[in-house]
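Below is one structure, written out as structure tokens, with a few remarks after it.
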Amino acid sequence: MNRLFIVGLLLFSFAVGLFAQTTKDAVSTREMDRINWMEFRDAVPSRIKTVLLPVGTLEPHGVINNGADNTAPTAMAKTIAQRTNAMIAPTLPYGMTGSMEAYPGAFQISETAYRPFVKQILEGLAKNGFRNIIILNGHGGGQTAVLQSVAAEVAAEKRVRTLVINWWSFAADETKQVFGEDGGHAGLNETAFIQAIDPTLVRRDLYKDDLATAYPAAGTWSAVPFPSSIGLYQKGQGYPKFDQKKADEYYQKVTDKVANLINEIVRKWEMAGL
């Protein structure tokens with residue numbers, strides 16, 4: 001009996017060691033601002049050809065943090081970096097805030113300043129050897145159009161491959177699947193995403209439904225500043241629910257979907273020889 005126990009223990013130890021070897025990461029850290037330059041040199045691009053660039057802005061988000069548009073893509077990048085075999089570039093936390101720039105704590109960067117700055121960041125990532133530059137965008141509006149335009153320019157000029165993902169739009173089906181309704185800016189989907197990342201960033205004690213306004217249909221009305229810090233995509237839908245279990249489920253589904261998209265796009269780039 002003792003011999004059998006010892007043999008079993010040895011087999012178990014071997015299996016644990018084998019598992020540890022197969023799950024060990026290729027680098028000591030996936031974060032570009034934490035890795036040493038010599039380790040970076042040895043890993044990029046020979047072993048790692050993809051980089052994730054989280055971008056966002058500072059603006060009001062109902063009862064979650066002003067930096068939610070930075071918090072979301074940054075956490076997402078850390079969650080999916082290993083499974084997409086990517087490094088993580090430092091987050092670009094200032095952006096083109098738009099109609100909510102008048103709220104306390106918000107920042108507005110003009111397009112004339114933002115566009116060339118973003119372009120030089122992408123060019124720097126290309127210079128450092130990355131073949132696949134993935135922008136994880138946390139903020140919409142005019143910023144999305146600029147990011148898409150600049151990414152296309154750099155792809156053509158530097159012969160790299162770029163992908164811009166607006167996670168909340170891409171995950172619209174998951175929002176409806178998990179919550180049974182549409183979301184909104186700082187609505188149930190974005191609030192849940194932040195709640196899954198860090199519940200301390202959610203000030204439920206400050207919440208009231210009156211903080212929300214449905215976005216107007218195109219051509220009906222427009223207001224600057226926008227009158228509410230929560231903008232609902234559909235009237236009567238998207239009010240925050242603060243359900244931790246659903247928040248965790250939503251975060252998992254969204255990050256899985258984004259990681260799968262990146263892997264599929266890179267696979268097809270490679271298959272096409274682009």
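Residue numbers start at 1 in each chain; chains themselves are named A, B, ... in the order of the structure tokens; ligands are numbered from 1 in the order shown.
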Which residues of stretch 129-199 of chain A come within 12 Å of stretch 65-79 of chain A, and for each one, what is the closest pair of atoms and their distance in Å to one decimal, counting only C-alpha atoms, sorted by chain and residue number, as a Markdown table?
```
| residue | atom | partner | partner_atom | distance |
| --- | --- | --- | --- | --- |
| A:Ile134 | CA | A:Ala77 | CA | 9.9 |
| A:Ile135 | CA | A:Pro73 | CA | 9.1 |
| A:Leu136 | CA | A:Pro73 | CA | 5.7 |
| A:Asn137 | CA | A:Pro73 | CA | 6.5 |
| A:Gly138 | CA | A:Asp69 | CA | 4.4 |
| A:His139 | CA | A:Asp69 | CA | 5.6 |
| A:Gly140 | CA | A:Asp69 | CA | 9.3 |
| A:Gln143 | CA | A:Asp69 | CA | 11.9 |
| A:Val164 | CA | A:Pro73 | CA | 11.9 |
| A:Ile165 | CA | A:Pro73 | CA | 9.8 |
| A:Asn166 | CA | A:Pro73 | CA | 9.4 |
| A:Trp167 | CA | A:Pro73 | CA | 8.0 |
| A:Trp168 | CA | A:Ala72 | CA | 9.9 |
| A:His185 | CA | A:Asp69 | CA | 10.1 |
| A:Ala186 | CA | A:Ala68 | CA | 8.6 |
| A:Gly187 | CA | A:Ala68 | CA | 11.8 |
| A:Asn189 | CA | A:Ala72 | CA | 11.3 |
| A:Glu190 | CA | A:Ala68 | CA | 8.2 |
| A:Thr191 | CA | A:Ala68 | CA | 8.7 |
| A:Ala192 | CA | A:Ala72 | CA | 10.5 |
| A:Phe193 | CA | A:Ala72 | CA | 7.0 |
| A:Ile194 | CA | A:Ala72 | CA | 6.5 |
| A:Gln195 | CA | A:Ala72 | CA | 10.1 |
| A:Ala196 | CA | A:Ala72 | CA | 9.8 |
| A:Ile197 | CA | A:Ala75 | CA | 7.0 |
| A:Asp198 | CA | A:Thr71 | CA | 9.2 |
| A:Pro199 | CA | A:Asn65 | CA | 10.5 |
```
So that I have them on file, write out the residues from the current selection with C-alpha atoms, as a PDB file, in the first residue's frame.
```pdb
ATOM      1  CA  ILE A 134      -4.462  45.717 -32.004  1.00  0.00           C
ATOM      2  CA  ILE A 135      -6.162  48.846 -30.634  1.00  0.00           C
ATOM      3  CA  LEU A 136      -8.534  48.058 -27.764  1.00  0.00           C
ATOM      4  CA  ASN A 137     -10.668  51.184 -27.777  1.00  0.00           C
ATOM      5  CA  GLY A 138     -12.629  52.130 -24.670  1.00  0.00           C
ATOM      6  CA  HIS A 139     -14.215  55.344 -25.958  1.00  0.00           C
ATOM      7  CA  GLY A 140     -16.474  55.994 -28.928  1.00  0.00           C
ATOM      8  CA  GLN A 143     -12.330  59.055 -31.427  1.00  0.00           C
ATOM      9  CA  VAL A 164      -9.412  48.504 -34.006  1.00  0.00           C
ATOM     10  CA  ILE A 165     -11.992  47.014 -31.618  1.00  0.00           C
ATOM     11  CA  ASN A 166     -14.761  48.953 -29.858  1.00  0.00           C
ATOM     12  CA  TRP A 167     -15.462  46.333 -27.202  1.00  0.00           C
ATOM     13  CA  TRP A 168     -18.945  47.529 -26.147  1.00  0.00           C
ATOM     14  CA  HIS A 185     -22.753  54.612 -22.028  1.00  0.00           C
ATOM     15  CA  ALA A 186     -22.211  53.958 -18.292  1.00  0.00           C
ATOM     16  CA  GLY A 187     -25.293  51.769 -18.528  1.00  0.00           C
ATOM     17  CA  ASN A 189     -23.150  46.755 -19.588  1.00  0.00           C
ATOM     18  CA  GLU A 190     -20.298  49.193 -18.962  1.00  0.00           C
ATOM     19  CA  THR A 191     -21.099  49.414 -15.251  1.00  0.00           C
ATOM     20  CA  ALA A 192     -21.092  45.617 -15.017  1.00  0.00           C
ATOM     21  CA  PHE A 193     -17.789  45.395 -16.866  1.00  0.00           C
ATOM     22  CA  ILE A 194     -16.146  47.777 -14.379  1.00  0.00           C
ATOM     23  CA  GLN A 195     -17.848  46.030 -11.456  1.00  0.00           C
ATOM     24  CA  ALA A 196     -16.265  42.744 -12.548  1.00  0.00           C
ATOM     25  CA  ILE A 197     -12.838  44.391 -12.742  1.00  0.00           C
ATOM     26  CA  ASP A 198     -13.005  46.308  -9.446  1.00  0.00           C
ATOM     27  CA  PRO A 199     -16.254  46.650  -7.438  1.00  0.00           C
TER      28      PRO A 199
END
```
Non-local contacts of stretch 24-40 of chain A (9 Å; only C-alpha atoms; under 4 positions in same chain excluded) as a PyMOL selection string: chain A and resi 19-20+44-45+47-48+78+81-82+85-90
DSSP alpha helix (DSSP H) residues within stretch 38-199 of chain A, listed as number ranges by chain: A: 38-43, 68-80, 111-127, 142-158, 167-170, 172-179, 188-197
Would you save the residues of that selection, restricted to C-alpha atoms, as a tab-separated table (two decimals), in the first residue's frame?
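Result went into result13.tsv, see below:
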```tsv
chain	number	residue	atom	x	y	z
A	38	MET	CA	17.04	42.74	-23.40
A	39	GLU	CA	14.15	40.38	-22.76
A	40	PHE	CA	12.01	42.46	-25.12
A	41	ARG	CA	14.69	42.20	-27.82
A	42	ASP	CA	14.78	38.41	-27.47
A	43	ALA	CA	10.98	38.04	-27.60
A	68	ALA	CA	-13.76	53.68	-17.01
A	69	ASP	CA	-12.81	54.00	-20.67
A	70	ASN	CA	-9.21	53.33	-19.61
A	71	THR	CA	-9.96	50.76	-16.92
A	72	ALA	CA	-11.96	48.50	-19.26
A	73	PRO	CA	-9.49	48.05	-22.15
A	74	THR	CA	-6.50	47.91	-19.80
A	75	ALA	CA	-8.01	45.06	-17.78
A	76	MET	CA	-9.11	43.34	-20.98
A	77	ALA	CA	-5.57	43.51	-22.38
A	78	LYS	CA	-4.15	41.91	-19.23
A	79	THR	CA	-6.79	39.18	-19.35
A	80	ILE	CA	-6.25	38.19	-22.99
A	111	GLU	CA	-8.27	65.97	-33.09
A	112	THR	CA	-5.40	68.12	-34.36
A	113	ALA	CA	-3.35	67.07	-31.33
A	114	TYR	CA	-4.69	63.54	-30.94
A	115	ARG	CA	-4.33	62.27	-34.51
A	116	PRO	CA	-0.56	62.81	-34.96
A	117	PHE	CA	0.17	61.62	-31.43
A	118	VAL	CA	-1.68	58.34	-31.96
A	119	LYS	CA	0.00	57.92	-35.33
A	120	GLN	CA	3.46	58.27	-33.81
A	121	ILE	CA	2.57	55.71	-31.13
A	122	LEU	CA	1.52	53.21	-33.80
A	123	GLU	CA	4.61	53.96	-35.84
A	124	GLY	CA	6.73	53.37	-32.72
A	125	LEU	CA	5.08	49.99	-32.17
A	126	ALA	CA	5.81	49.07	-35.79
A	127	LYS	CA	9.43	50.22	-35.44
A	142	GLY	CA	-15.24	60.87	-33.02
A	143	GLN	CA	-12.33	59.06	-31.43
A	144	THR	CA	-13.31	55.80	-33.13
A	145	ALA	CA	-13.18	57.35	-36.60
A	146	VAL	CA	-9.76	58.88	-35.93
A	147	LEU	CA	-8.33	55.61	-34.62
A	148	GLN	CA	-9.63	53.68	-37.61
A	149	SER	CA	-8.27	56.26	-40.05
A	150	VAL	CA	-4.82	56.47	-38.44
A	151	ALA	CA	-4.56	52.69	-38.06
A	152	ALA	CA	-5.29	52.26	-41.76
A	153	GLU	CA	-2.64	54.85	-42.65
A	154	VAL	CA	0.03	53.15	-40.55
A	155	ALA	CA	-0.89	49.71	-41.90
A	156	ALA	CA	-0.34	50.92	-45.45
A	157	GLU	CA	2.74	53.02	-44.79
A	158	LYS	CA	4.61	50.64	-42.45
A	167	TRP	CA	-15.46	46.33	-27.20
A	168	TRP	CA	-18.94	47.53	-26.15
A	169	SER	CA	-20.28	47.53	-29.72
A	170	PHE	CA	-18.60	44.25	-30.59
A	172	ALA	CA	-23.69	43.98	-28.08
A	173	ASP	CA	-24.99	40.42	-28.48
A	174	GLU	CA	-23.40	39.38	-25.19
A	175	THR	CA	-25.04	42.36	-23.46
A	176	LYS	CA	-28.47	41.21	-24.59
A	177	GLN	CA	-27.68	37.57	-23.86
A	178	VAL	CA	-26.54	38.18	-20.27
A	179	PHE	CA	-28.88	41.02	-19.30
A	188	LEU	CA	-25.76	48.24	-17.25
A	189	ASN	CA	-23.15	46.76	-19.59
A	190	GLU	CA	-20.30	49.19	-18.96
A	191	THR	CA	-21.10	49.41	-15.25
A	192	ALA	CA	-21.09	45.62	-15.02
A	193	PHE	CA	-17.79	45.39	-16.87
A	194	ILE	CA	-16.15	47.78	-14.38
A	195	GLN	CA	-17.85	46.03	-11.46
A	196	ALA	CA	-16.26	42.74	-12.55
A	197	ILE	CA	-12.84	44.39	-12.74
```
